[in-house]
Structures are given as structure tokens and as C-alpha cells.
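In what follows, a structure is listed as C-alpha cells, so that the remarks can point back to it.
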Amino acid sequence: MQQQTYKIAIVDDHTLLASSLEQLILSFENCTVLHISKNGKDFQQKLNTHAEKPDIVLLDINMPVMDGFETALWIKENHPAIKVLALSMEDDEASILKMIQHGAKGYLLKDTPPNILELAIKEIMTHGFYHSDLTANTLMQAFHKVEEPPTNYLRDKELTFLALAATERTYKEIAIEMNLSPKTIDGYRQNLFDRYNIKNRVGLVLFAIKNGIVKV
């Protein structure tokens, strides 16, 4: 029986690297490259003009116009059948967690050996995800802190607010769902910002992920 061919798209603004990556992918068994895009907007346009949809998108993070975070979230919301494998130079915890929160099924650094990249593609297609040592260690550190969980000091309403803040709802929609005034929701948000040194909504989401309030 003929094996499935994995259709891959590359989204990376570095032309030379993307071209080299294409040649590498074509050397893998049962893999083909549908197209290369220089950012998320370019990828959206290619999806509209190509009849075939990719199985996997190899997605860079730092790109102009529409970066990898925005692109991953857009794919998650609009084309959930397309799987995202982040391929980046960024190895910090925040970037890894944010990409996973936005739907990435794996995260690799760009200096990853070719055989690991090939393995990751096949694992994602077969099992739905691939966690490298880097990703696994980051998730372990994020979810299993040795200090007393900060959630011990959170009220039920604050826990509910954090769970909703990790969704796509606006703060106004959160207020309606919790049957509270927008001013009260602003108070919850500012109290959490001050108490845990959080700067923005992304920080709230990462805090919620790290402390098990929402699952990825």
C-alpha cells in the first residue's frame, strides 16, 4: 500500500534559509513542499490561491507584517486541521509556551539536526504532536514549580477571570459572562498585574498556563 505524502508549507522571511529548508524537506521520505511564504499574510494569500492545503506548516516566529504567534493563532482558529511546527531561533520559555498556547504541535530550534526535524514531522502526523527535550523541559519547569502555587492565594472569582482571560473573549465579554461590571473586571486585572508583576494580557495567559488554571 502506498504511503501517505505529507504536504508541507514553510513560513519564514529569510529567503535563503527557507530555500535550503525546502531542499531538506524534499529529501525526506514521503514529504513534499507546497509553497513558501515570507510571513503570515503571505501564507493566508497562498492558502486562498492553492487548491491543496498543507498538512503541516513549518512556522518561524520573528517575521514582519504578521509574525509566528499571530499566524499560529489564525491557523488554530481558521484551519484547525493544519498542524503547526514552530521552527525558530528563540529558545526562551515565554516564546515556547505562547506558541503552544496558540496551537503549535511542536517547537524546534533552527539548529536542530535534519533527522530530528524529519522525526518531528512524522510524529506530528502520526500522533498529533512532537515535544523535543527543549519543549518538554520548558513545560516541566512551567507546570511544576517547587514553590507554593500562587493560586493558593487567589479567590474563586479571580480564578474564573484568569480562565476567561486565556480565551479570545474581550474584557467586556468577560464582565458579562461573570455578571460583573467592567470596572470590577478592570480591578481584578490590575490586582493580578500588581500582585504577580504581570505586564499585559499575554502575561496573564502565561501565568494561567504555568499554574494549571488552563490546560494546553
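Identifiers for the C-alpha cells are assigned positionally: chains receive A, B, ... in sequence, residues are indexed from 1 per chain, and ligands are indexed from 1 in the order shown.
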**Report entry** Selection: 12 Å around Met63 in chain A, only C-alpha atoms, excl. self and same-chain fewer than 3 positions, as a ChimeraX atom specification
**Finding:** /A:11-15,37-43,59-60,66-71,88-89
Query raised in the report: Which polymer residues have any atom within 9 Å of an atom of Tyr196 in chain A, counting only C-alpha atoms, with same-chain residues fewer than 3 positions away left out, as number ranges by chain?
Result: A: 150, 191-193, 207
Query - Long-range neighbours of range 20-34 of chain A as an MDAnalysis selection string, 8 Å cut-off, only C-alpha atoms, 4 positions minimum in chain - result: chainID A and resid 3:10 16 52 54 114 118
Write out, as a PDB file, in the first residue's frame, the residues just selected, with N, CA and C atoms.
ATOM      1  N   GLN A   3       2.341   4.754   0.772  1.00  0.00           N
ATOM      2  CA  GLN A   3       2.354   5.586   1.964  1.00  0.00           C
ATOM      3  C   GLN A   3       1.861   6.991   1.652  1.00  0.00           C
ATOM      4  N   GLN A   4       1.301   7.640   2.677  1.00  0.00           N
ATOM      5  CA  GLN A   4       0.809   9.000   2.536  1.00  0.00           C
ATOM      6  C   GLN A   4       1.968   9.973   2.322  1.00  0.00           C
ATOM      7  N   THR A   5       1.744  10.932   1.452  1.00  0.00           N
ATOM      8  CA  THR A   5       2.718  12.005   1.268  1.00  0.00           C
ATOM      9  C   THR A   5       2.313  13.188   2.139  1.00  0.00           C
ATOM     10  N   TYR A   6       3.242  13.651   2.952  1.00  0.00           N
ATOM     11  CA  TYR A   6       2.965  14.763   3.842  1.00  0.00           C
ATOM     12  C   TYR A   6       3.200  16.083   3.114  1.00  0.00           C
ATOM     13  N   LYS A   7       2.154  16.897   3.046  1.00  0.00           N
ATOM     14  CA  LYS A   7       2.230  18.179   2.345  1.00  0.00           C
ATOM     15  C   LYS A   7       2.634  19.259   3.352  1.00  0.00           C
ATOM     16  N   ILE A   8       3.701  19.975   3.041  1.00  0.00           N
ATOM     17  CA  ILE A   8       4.295  20.915   3.996  1.00  0.00           C
ATOM     18  C   ILE A   8       4.365  22.311   3.384  1.00  0.00           C
ATOM     19  N   ALA A   9       4.090  23.309   4.212  1.00  0.00           N
ATOM     20  CA  ALA A   9       4.283  24.709   3.839  1.00  0.00           C
ATOM     21  C   ALA A   9       5.338  25.302   4.764  1.00  0.00           C
ATOM     22  N   ILE A  10       6.132  26.216   4.233  1.00  0.00           N
ATOM     23  CA  ILE A  10       7.179  26.889   5.004  1.00  0.00           C
ATOM     24  C   ILE A  10       6.837  28.366   5.096  1.00  0.00           C
ATOM     25  N   LEU A  16      16.948  32.642   1.884  1.00  0.00           N
ATOM     26  CA  LEU A  16      17.964  31.614   1.709  1.00  0.00           C
ATOM     27  C   LEU A  16      17.707  30.436   2.630  1.00  0.00           C
ATOM     28  N   GLU A  52      -4.682  22.760  -2.885  1.00  0.00           N
ATOM     29  CA  GLU A  52      -4.278  21.842  -1.819  1.00  0.00           C
ATOM     30  C   GLU A  52      -3.909  22.605  -0.552  1.00  0.00           C
ATOM     31  N   PRO A  54      -1.850  22.455   3.162  1.00  0.00           N
ATOM     32  CA  PRO A  54      -0.750  21.701   3.778  1.00  0.00           C
ATOM     33  C   PRO A  54      -1.227  20.904   4.982  1.00  0.00           C
ATOM     34  N   PRO A 114      18.802  17.481  10.971  1.00  0.00           N
ATOM     35  CA  PRO A 114      17.771  17.111   9.999  1.00  0.00           C
ATOM     36  C   PRO A 114      16.960  15.873  10.389  1.00  0.00           C
ATOM     37  N   GLU A 118      12.848  15.593  10.637  1.00  0.00           N
ATOM     38  CA  GLU A 118      12.072  14.568   9.929  1.00  0.00           C
ATOM     39  C   GLU A 118      11.230  13.760  10.915  1.00  0.00           C
TER      40      GLU A 118
END
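Proximity to Leu154 in chain A at 12 Å, evaluated using only C-alpha atoms and with sequence-adjacent residues fewer than 4 positions away removed, yields Pro149, Pro150, Glu158, Leu159, Thr160, Phe161, Leu162, Tyr188, Asn191, Leu192, Arg195, Tyr196, Ala208, Asn211 and Ile213 of chain A.
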Same residues, C-alpha atoms, output as a PDB file, in the first residue's frame:
ATOM      1  CA  PRO A 149       1.465  27.749  43.977  1.00  0.00           C
ATOM      2  CA  PRO A 150       0.300  31.371  43.775  1.00  0.00           C
ATOM      3  CA  GLU A 158     -10.038  35.669  40.238  1.00  0.00           C
ATOM      4  CA  LEU A 159      -9.543  32.076  39.095  1.00  0.00           C
ATOM      5  CA  THR A 160     -12.612  32.348  36.878  1.00  0.00           C
ATOM      6  CA  PHE A 161     -11.376  35.655  35.479  1.00  0.00           C
ATOM      7  CA  LEU A 162      -7.943  34.150  34.681  1.00  0.00           C
ATOM      8  CA  TYR A 188      -9.280  42.033  39.038  1.00  0.00           C
ATOM      9  CA  ASN A 191      -4.727  43.495  41.144  1.00  0.00           C
ATOM     10  CA  LEU A 192      -3.215  40.479  39.363  1.00  0.00           C
ATOM     11  CA  ARG A 195       0.472  41.163  42.776  1.00  0.00           C
ATOM     12  CA  TYR A 196       2.415  38.977  40.329  1.00  0.00           C
ATOM     13  CA  ALA A 208      -2.697  30.796  33.950  1.00  0.00           C
ATOM     14  CA  ASN A 211      -0.236  27.396  37.319  1.00  0.00           C
ATOM     15  CA  ILE A 213      -5.604  27.216  35.604  1.00  0.00           C
TER      16      ILE A 213
END
